[in-house]
Each structure stands twice: as C-alpha cells, then as structure tokens.
Amino acid sequence: QVQLVESGGGLVQAGGSLRLSCTASGSIGSANVMGWYRQFPGKQRSLVASTTFIGITDYADSVKGRFTISRDDAKKSVYLQMNSLKPEDTAVYYCNLHNGYRDYWGQGTQVTVSS
C-alpha cells in the first residue's frame with residue numbers, strides 16, 4: 001500500500017519562502033507522475049505543479065516563476081520550493097502520486113501566508 005507523507009508547511013510572511021517535501025512508501029512504480037495540489041476553503045483541489053518520471057513539469061499559471069517542483073526517485077520524494085509567496089497562496093497543500101492506475105494522496109499540509 002502506497003503512503004505519502006508531507007512536511008514543510010507553516011506560516012510565512014508575504015514575500016517569503018517555504019519548501020514542501022513529500023516521501024512515498026510502498027511500491028510506487030517507475031512510470032509515475034508526482035505533484036502538488038492545493039485546496040482553498042470551499043473549493044476543489046487544483047493542480048499546483050507536477051513532474052513526470054521523465055522530468056516533464058507542469059505548473060498552474062498562478063505559480064509560474066515562483067514555485068519549482070523537483071523529485072528524487074531514489075528517495076521516492078517530491079519537493080515544492082515556493083518563493084515570493086503571496087497571501088492568496090494560503091491553502092492546504094496535498095502531495096499526489098499517479099501510477100497509471102490510481103491516485104494516492106498525502107494527508108495535506110497547511111500553508112499560511114500573512115500580509
């Protein structure tokens with residue numbers, strides 16, 4: 001059974017930075033997509049950034065140029081470096097793994113950006 005454990009959320013002032021980490025346990029397969037989603041209160045989860053097993057990345061328009069996603073397959077981990085944070089980035093951030101068959105989700109980590 002795949003489990004995803006996130007860390008790195010917290011409270012930061014506008015303009016600051018945070019780095020989210022997510023580590024998977026279990027058999028995740030090699031041809032997978034790992035990514036980060038976020039959920040605002042009362043809204044559905046939406047993609048922040050994703051990275052495929054061959055290094056193709058995708059970003060939401062609202063975070064392009066500010067956030068960077070990376071992965072370390074040896075550690076079964078994915079990271080999200082968030083710079084120039086804005087109050088509107090405040091949300092619960094979820095790690096996601098898609099292995100071609102199903103999605104797995106982390107428990108979520110709160111990111112709060114104060115103005």
# chains A, B, ... in the order shown; residues from 1 in each chain; ligands from 1

$ closest_atom_pairs --of "stretch 83-107 of chain A" --to "stretch 8-16 of chain A" --cutoff "10 Å" --atoms "only C-alpha atoms" --output "Markdown table"
| residue | atom | partner | partner_atom | distance |
| --- | --- | --- | --- | --- |
| A:Asn83 | CA | A:Gly16 | CA | 6.2 |
| A:Ser84 | CA | A:Gly15 | CA | 4.2 |
| A:Leu85 | CA | A:Gly15 | CA | 4.9 |
| A:Lys86 | CA | A:Ala14 | CA | 5.0 |
| A:Pro87 | CA | A:Ala14 | CA | 6.2 |
| A:Glu88 | CA | A:Ala14 | CA | 9.5 |
| A:Asp89 | CA | A:Ala14 | CA | 9.4 |
| A:Thr90 | CA | A:Leu11 | CA | 9.1 |
| A:Ala91 | CA | A:Gly9 | CA | 9.9 |
| A:Val92 | CA | A:Gly9 | CA | 8.7 |
| A:Tyr93 | CA | A:Gly9 | CA | 8.1 |

$ write_last_selection --atoms "N, CA and C atoms" --output "PDB file, in the first residue's frame"
ATOM      1  N   ASN A  83       8.644  30.293  -3.594  1.00  0.00           N
ATOM      2  CA  ASN A  83       9.265  31.594  -3.344  1.00  0.00           C
ATOM      3  C   ASN A  83       8.260  32.703  -3.625  1.00  0.00           C
ATOM      4  N   SER A  84       8.582  33.884  -3.146  1.00  0.00           N
ATOM      5  CA  SER A  84       7.721  35.059  -3.363  1.00  0.00           C
ATOM      6  C   SER A  84       6.269  34.746  -3.039  1.00  0.00           C
ATOM      7  N   LEU A  85       6.071  34.148  -1.896  1.00  0.00           N
ATOM      8  CA  LEU A  85       4.718  33.725  -1.513  1.00  0.00           C
ATOM      9  C   LEU A  85       3.799  34.913  -1.326  1.00  0.00           C
ATOM     10  N   LYS A  86       2.540  34.702  -1.674  1.00  0.00           N
ATOM     11  CA  LYS A  86       1.512  35.731  -1.569  1.00  0.00           C
ATOM     12  C   LYS A  86       0.405  35.234  -0.644  1.00  0.00           C
ATOM     13  N   PRO A  87      -0.346  36.148  -0.047  1.00  0.00           N
ATOM     14  CA  PRO A  87      -1.465  35.715   0.806  1.00  0.00           C
ATOM     15  C   PRO A  87      -2.441  34.793   0.075  1.00  0.00           C
ATOM     16  N   GLU A  88      -2.603  34.993  -1.215  1.00  0.00           N
ATOM     17  CA  GLU A  88      -3.521  34.141  -1.972  1.00  0.00           C
ATOM     18  C   GLU A  88      -2.984  32.731  -2.207  1.00  0.00           C
ATOM     19  N   ASP A  89      -1.756  32.457  -1.789  1.00  0.00           N
ATOM     20  CA  ASP A  89      -1.238  31.091  -1.820  1.00  0.00           C
ATOM     21  C   ASP A  89      -1.657  30.294  -0.585  1.00  0.00           C
ATOM     22  N   THR A  90      -2.292  30.956   0.352  1.00  0.00           N
ATOM     23  CA  THR A  90      -2.748  30.281   1.566  1.00  0.00           C
ATOM     24  C   THR A  90      -3.749  29.191   1.217  1.00  0.00           C
ATOM     25  N   ALA A  91      -3.442  27.974   1.628  1.00  0.00           N
ATOM     26  CA  ALA A  91      -4.275  26.821   1.292  1.00  0.00           C
ATOM     27  C   ALA A  91      -3.707  25.589   1.987  1.00  0.00           C
ATOM     28  N   VAL A  92      -4.443  24.499   1.881  1.00  0.00           N
ATOM     29  CA  VAL A  92      -3.904  23.200   2.275  1.00  0.00           C
ATOM     30  C   VAL A  92      -3.281  22.570   1.025  1.00  0.00           C
ATOM     31  N   TYR A  93      -2.055  22.157   1.139  1.00  0.00           N
ATOM     32  CA  TYR A  93      -1.321  21.584   0.007  1.00  0.00           C
ATOM     33  C   TYR A  93      -1.248  20.067   0.166  1.00  0.00           C
TER      34      TYR A  93
END

$ closest_residue --among "A:Tyr79, A:Phe40, A:Phe67, A:Tyr101" --to "A:Val5" --atoms "only C-alpha atoms"
A:Tyr79

$ closest_residue --among "A:Asn32, A:Ser114, A:Ser77, A:Ser25" --to "A:Leu97" --atoms "only C-alpha atoms"
A:Asn32

$ closest_residue --among "A:Ser30, A:Gln39, A:Asp72, A:Gln81" --to "A:Phe53" --atoms "only C-alpha atoms"
A:Ser30

$ closest_residue --among "A:Lys43, A:Lys76, A:Arg71, A:Lys64" --to "A:Gly26" --atoms "only C-alpha atoms"
A:Lys76

$ atom_distance --atom1 "atom CA of A:Gly35" --atom2 "atom CA of A:Ser62"
15.6 Å

$ closest_residue --among "A:Leu4, A:Ile28, A:Ala49, A:Cys22" --to "A:Met82" --atoms "only C-alpha atoms"
A:Ala49

$ select_by_dssp --residues "stretch 40-81 of chain A" --states "strand (DSSP E or B)" --output "ChimeraX atom specification"
/A:46-52,57-59,67-72,77-81

$ closest_residue --among "A:Ala24, A:Arg66, A:Ala74, A:His98" --to "A:Thr52" --atoms "only C-alpha atoms"
A:His98

$ select_by_dssp --residues "chain A" --states "helix (DSSP H, G or I)" --output "PDB file with N, CA, C and O atoms, in the first residue's frame"
ATOM      1  N   ASP A  61      -0.733  28.503 -13.819  1.00  0.00           N
ATOM      2  CA  ASP A  61      -0.287  29.828 -14.254  1.00  0.00           C
ATOM      3  C   ASP A  61       0.017  30.743 -13.067  1.00  0.00           C
ATOM      4  O   ASP A  61       0.944  31.554 -13.121  1.00  0.00           O
ATOM      5  N   SER A  62      -0.736  30.595 -12.013  1.00  0.00           N
ATOM      6  CA  SER A  62      -0.598  31.500 -10.866  1.00  0.00           C
ATOM      7  C   SER A  62       0.711  31.321 -10.107  1.00  0.00           C
ATOM      8  O   SER A  62       1.078  32.170  -9.294  1.00  0.00           O
ATOM      9  N   VAL A  63       1.411  30.211 -10.348  1.00  0.00           N
ATOM     10  CA  VAL A  63       2.654  29.960  -9.601  1.00  0.00           C
ATOM     11  C   VAL A  63       3.889  29.932 -10.488  1.00  0.00           C
ATOM     12  O   VAL A  63       5.007  29.809  -9.983  1.00  0.00           O
ATOM     13  N   ASP A  73      13.929  10.306  -7.309  1.00  0.00           N
ATOM     14  CA  ASP A  73      13.337   8.974  -7.409  1.00  0.00           C
ATOM     15  C   ASP A  73      14.014   7.971  -6.476  1.00  0.00           C
ATOM     16  O   ASP A  73      13.370   7.030  -6.011  1.00  0.00           O
ATOM     17  N   ALA A  74      15.277   8.167  -6.197  1.00  0.00           N
ATOM     18  CA  ALA A  74      15.967   7.255  -5.279  1.00  0.00           C
ATOM     19  C   ALA A  74      15.368   7.338  -3.884  1.00  0.00           C
ATOM     20  O   ALA A  74      15.345   6.351  -3.143  1.00  0.00           O
ATOM     21  N   LYS A  75      14.864   8.510  -3.531  1.00  0.00           N
ATOM     22  CA  LYS A  75      14.242   8.705  -2.221  1.00  0.00           C
ATOM     23  C   LYS A  75      12.725   8.636  -2.297  1.00  0.00           C
ATOM     24  O   LYS A  75      12.056   8.827  -1.279  1.00  0.00           O
ATOM     25  N   PRO A  87      -0.346  36.148  -0.047  1.00  0.00           N
ATOM     26  CA  PRO A  87      -1.465  35.715   0.806  1.00  0.00           C
ATOM     27  C   PRO A  87      -2.441  34.793   0.075  1.00  0.00           C
ATOM     28  O   PRO A  87      -3.016  33.891   0.693  1.00  0.00           O
ATOM     29  N   GLU A  88      -2.603  34.993  -1.215  1.00  0.00           N
ATOM     30  CA  GLU A  88      -3.521  34.141  -1.972  1.00  0.00           C
ATOM     31  C   GLU A  88      -2.984  32.731  -2.207  1.00  0.00           C
ATOM     32  O   GLU A  88      -3.681  31.888  -2.787  1.00  0.00           O
ATOM     33  N   ASP A  89      -1.756  32.457  -1.789  1.00  0.00           N
ATOM     34  CA  ASP A  89      -1.238  31.091  -1.820  1.00  0.00           C
ATOM     35  C   ASP A  89      -1.657  30.294  -0.585  1.00  0.00           C
ATOM     36  O   ASP A  89      -1.398  29.089  -0.507  1.00  0.00           O
TER      37      ASP A  89
END

$ atom_distance --atom1 "atom CA of A:Gln107" --atom2 "atom CA of A:Gly65"
26.5 Å

$ atom_distance --atom1 "atom CA of A:Gly108" --atom2 "atom CA of A:Gly29"
22.2 Å
